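Enquirer: To start, I am sharing the structure in question, which I have written as structure tokens.
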Amino acid sequence: MKRDSRLSGVLHLLLHMASEQRPLTSELAGVVPHLQRRGIAVVVEVDDDFRTVPVGNPAFWSTHPRAAPEKSRHHLSQAIRLADLVTVSTPALVARYGGPEKVILLRNLVPARYLLGHRYSVPRRALCA
């Protein structure tokens, strides 16, 4: 019986919550208020600071509102502003995207060696799986 009530709670959460990862399009940002009107809480997941991407980085122009109006950081900002909750991967992003009242930290669990530019090898069997 206890297991059934936990499962029921999880199902309730899944039916009343939507998660959007990097909502950079107008469609994804625009769906937020529609979901909320139906009683569905919206969580936006962000793991990059799109407002400080260097000009030399390809993501600067691929998300710039004038260069890519259909997929821009402007839509991401709109979705974050409207979201019920925002999850980020670093403490700096907590401050950038709204502070602890609306943003929670879910630390990145990617191994540091992947993030630091070190070369690593992937076993051949992993590539063929």
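Here, A, B, ... name the chains of the structure tokens in the order displayed, residue numbers run from 1 inside each chain, and ligands are numbered from 1 in the same displayed order.
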For the interface of segment 75-123 of chain A with segment 50-65 of chain A (cut-off 10 Å, counting only C-alpha atoms), please tabulate each contacting residue of segment 75-123 of chain A alongside its nearest pair of atoms and their separation in Å to one decimal, rows sorted by chain and increasing number, as a tab-separated table.
Expert:
residue	atom	partner	partner_atom	distance
A:His75	CA	A:Pro65	CA	8.6
A:Leu76	CA	A:Phe50	CA	8.7
A:Ser77	CA	A:Phe50	CA	9.2
A:Arg96	CA	A:Arg51	CA	9.1
Enquirer: Could you name the residues that touch Val88 of chain A at 10 Å or less, counting only C-alpha atoms, but leaving out those on the same chain fewer than 2 positions away, as an MDAnalysis selection string?
Expert: chainID A and resid 44:49 86 90:97 103:108
Enquirer: For the selection just defined, write its residues with N, CA, C and O atoms to a file, as a PDB file, in the first residue's frame.
Expert:
ATOM      1  N   VAL A  44      12.184  25.272 -15.926  1.00  0.00           N
ATOM      2  CA  VAL A  44      13.128  25.507 -17.021  1.00  0.00           C
ATOM      3  C   VAL A  44      14.510  25.097 -16.540  1.00  0.00           C
ATOM      4  O   VAL A  44      14.942  25.491 -15.453  1.00  0.00           O
ATOM      5  N   GLU A  45      15.191  24.299 -17.352  1.00  0.00           N
ATOM      6  CA  GLU A  45      16.544  23.844 -17.037  1.00  0.00           C
ATOM      7  C   GLU A  45      17.537  24.607 -17.909  1.00  0.00           C
ATOM      8  O   GLU A  45      17.377  24.654 -19.132  1.00  0.00           O
ATOM      9  N   VAL A  46      18.545  25.208 -17.262  1.00  0.00           N
ATOM     10  CA  VAL A  46      19.562  25.963 -17.995  1.00  0.00           C
ATOM     11  C   VAL A  46      20.922  25.612 -17.410  1.00  0.00           C
ATOM     12  O   VAL A  46      21.091  25.607 -16.196  1.00  0.00           O
ATOM     13  N   ASP A  47      21.901  25.351 -18.279  1.00  0.00           N
ATOM     14  CA  ASP A  47      23.244  25.060 -17.769  1.00  0.00           C
ATOM     15  C   ASP A  47      24.302  25.957 -18.402  1.00  0.00           C
ATOM     16  O   ASP A  47      25.493  25.684 -18.304  1.00  0.00           O
ATOM     17  N   ASP A  48      23.869  27.040 -19.029  1.00  0.00           N
ATOM     18  CA  ASP A  48      24.803  27.998 -19.626  1.00  0.00           C
ATOM     19  C   ASP A  48      24.294  29.414 -19.382  1.00  0.00           C
ATOM     20  O   ASP A  48      23.094  29.638 -19.264  1.00  0.00           O
ATOM     21  N   ASP A  49      25.221  30.367 -19.345  1.00  0.00           N
ATOM     22  CA  ASP A  49      24.861  31.776 -19.218  1.00  0.00           C
ATOM     23  C   ASP A  49      24.875  32.381 -20.621  1.00  0.00           C
ATOM     24  O   ASP A  49      25.904  32.829 -21.107  1.00  0.00           O
ATOM     25  N   VAL A  86      13.348  27.424 -11.877  1.00  0.00           N
ATOM     26  CA  VAL A  86      14.465  27.303 -12.810  1.00  0.00           C
ATOM     27  C   VAL A  86      15.528  26.455 -12.129  1.00  0.00           C
ATOM     28  O   VAL A  86      15.833  26.668 -10.954  1.00  0.00           O
ATOM     29  N   THR A  90      25.327  25.592 -11.700  1.00  0.00           N
ATOM     30  CA  THR A  90      26.411  26.230 -10.941  1.00  0.00           C
ATOM     31  C   THR A  90      25.860  27.343 -10.055  1.00  0.00           C
ATOM     32  O   THR A  90      24.827  27.940 -10.374  1.00  0.00           O
ATOM     33  N   PRO A  91      26.567  27.663  -8.966  1.00  0.00           N
ATOM     34  CA  PRO A  91      26.126  28.767  -8.110  1.00  0.00           C
ATOM     35  C   PRO A  91      26.058  30.106  -8.852  1.00  0.00           C
ATOM     36  O   PRO A  91      25.172  30.921  -8.594  1.00  0.00           O
ATOM     37  N   ALA A  92      26.978  30.343  -9.782  1.00  0.00           N
ATOM     38  CA  ALA A  92      26.958  31.599 -10.545  1.00  0.00           C
ATOM     39  C   ALA A  92      25.662  31.732 -11.347  1.00  0.00           C
ATOM     40  O   ALA A  92      25.107  32.830 -11.482  1.00  0.00           O
ATOM     41  N   LEU A  93      25.161  30.613 -11.869  1.00  0.00           N
ATOM     42  CA  LEU A  93      23.920  30.660 -12.646  1.00  0.00           C
ATOM     43  C   LEU A  93      22.699  30.899 -11.753  1.00  0.00           C
ATOM     44  O   LEU A  93      21.701  31.459 -12.212  1.00  0.00           O
ATOM     45  N   VAL A  94      22.779  30.507 -10.487  1.00  0.00           N
ATOM     46  CA  VAL A  94      21.683  30.807  -9.552  1.00  0.00           C
ATOM     47  C   VAL A  94      21.499  32.317  -9.487  1.00  0.00           C
ATOM     48  O   VAL A  94      20.388  32.837  -9.625  1.00  0.00           O
ATOM     49  N   ALA A  95      22.598  33.035  -9.294  1.00  0.00           N
ATOM     50  CA  ALA A  95      22.538  34.497  -9.219  1.00  0.00           C
ATOM     51  C   ALA A  95      22.122  35.111 -10.555  1.00  0.00           C
ATOM     52  O   ALA A  95      21.322  36.042 -10.602  1.00  0.00           O
ATOM     53  N   ARG A  96      22.637  34.571 -11.640  1.00  0.00           N
ATOM     54  CA  ARG A  96      22.355  35.133 -12.972  1.00  0.00           C
ATOM     55  C   ARG A  96      20.881  35.021 -13.339  1.00  0.00           C
ATOM     56  O   ARG A  96      20.308  35.919 -13.936  1.00  0.00           O
ATOM     57  N   TYR A  97      20.250  33.919 -12.999  1.00  0.00           N
ATOM     58  CA  TYR A  97      18.889  33.668 -13.472  1.00  0.00           C
ATOM     59  C   TYR A  97      17.794  33.877 -12.427  1.00  0.00           C
ATOM     60  O   TYR A  97      16.695  33.383 -12.598  1.00  0.00           O
ATOM     61  N   VAL A 103      15.279  29.945  -8.277  1.00  0.00           N
ATOM     62  CA  VAL A 103      16.271  29.099  -8.938  1.00  0.00           C
ATOM     63  C   VAL A 103      16.874  28.123  -7.934  1.00  0.00           C
ATOM     64  O   VAL A 103      17.236  28.518  -6.832  1.00  0.00           O
ATOM     65  N   ILE A 104      16.967  26.855  -8.331  1.00  0.00           N
ATOM     66  CA  ILE A 104      17.644  25.886  -7.471  1.00  0.00           C
ATOM     67  C   ILE A 104      18.846  25.296  -8.194  1.00  0.00           C
ATOM     68  O   ILE A 104      18.851  25.173  -9.419  1.00  0.00           O
ATOM     69  N   LEU A 105      19.824  24.963  -7.412  1.00  0.00           N
ATOM     70  CA  LEU A 105      21.083  24.430  -7.918  1.00  0.00           C
ATOM     71  C   LEU A 105      21.025  22.911  -7.960  1.00  0.00           C
ATOM     72  O   LEU A 105      20.775  22.264  -6.947  1.00  0.00           O
ATOM     73  N   LEU A 106      21.233  22.351  -9.132  1.00  0.00           N
ATOM     74  CA  LEU A 106      21.398  20.908  -9.322  1.00  0.00           C
ATOM     75  C   LEU A 106      22.788  20.743  -9.923  1.00  0.00           C
ATOM     76  O   LEU A 106      22.974  20.931 -11.121  1.00  0.00           O
ATOM     77  N   ARG A 107      23.745  20.473  -9.081  1.00  0.00           N
ATOM     78  CA  ARG A 107      25.145  20.434  -9.537  1.00  0.00           C
ATOM     79  C   ARG A 107      25.345  19.484 -10.707  1.00  0.00           C
ATOM     80  O   ARG A 107      24.739  18.429 -10.780  1.00  0.00           O
ATOM     81  N   ASN A 108      26.230  19.894 -11.584  1.00  0.00           N
ATOM     82  CA  ASN A 108      26.578  19.116 -12.756  1.00  0.00           C
ATOM     83  C   ASN A 108      27.357  17.881 -12.313  1.00  0.00           C
ATOM     84  O   ASN A 108      28.341  17.988 -11.590  1.00  0.00           O
TER      85      ASN A 108
END
Enquirer: Just how far from atom CA of Leu85 of chain A is atom CA of Ile40 of chain A, in Å to one decimal?
Expert: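 Separation of atom CA of Ile40 of chain A and atom CA of Leu85 of chain A: 11.8 Å.
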Enquirer: DSSP on the backbone, then: every residue of segment 10-126 of chain A marked strand (DSSP E or B), written as number ranges by chain.
Expert: A: 17-21, 25, 41-45, 71, 85-88, 103-105
Enquirer: Skipping near chain neighbours, those fewer than 2 positions away, what residues fall within 12 Å of Ala79 of chain A using only C-alpha atoms, listed as a VMD selection string?
Expert: chain A and resid 19 to 36 42 to 46 72 to 77 81 to 86 97
Enquirer: Could you tell me how far atom CA of Leu109 of chain A lies from atom CA of Ala41 of chain A, in Å and to one decimal?
Expert: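 Atom-to-atom, atom CA of Leu109 of chain A and atom CA of Ala41 of chain A are spaced 25.2 Å apart.
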Enquirer: What does the distance between atom CA of Met17 of chain A and atom CA of Lys71 of chain A come to in Å, to one decimal place?
Expert: 23.7 Å
Enquirer: Considering only helix (DSSP H, G or I) as DSSP defines it on the backbone, what residues of segment 1-121 of chain A qualify? List them as a count of residues only.
Expert: 54
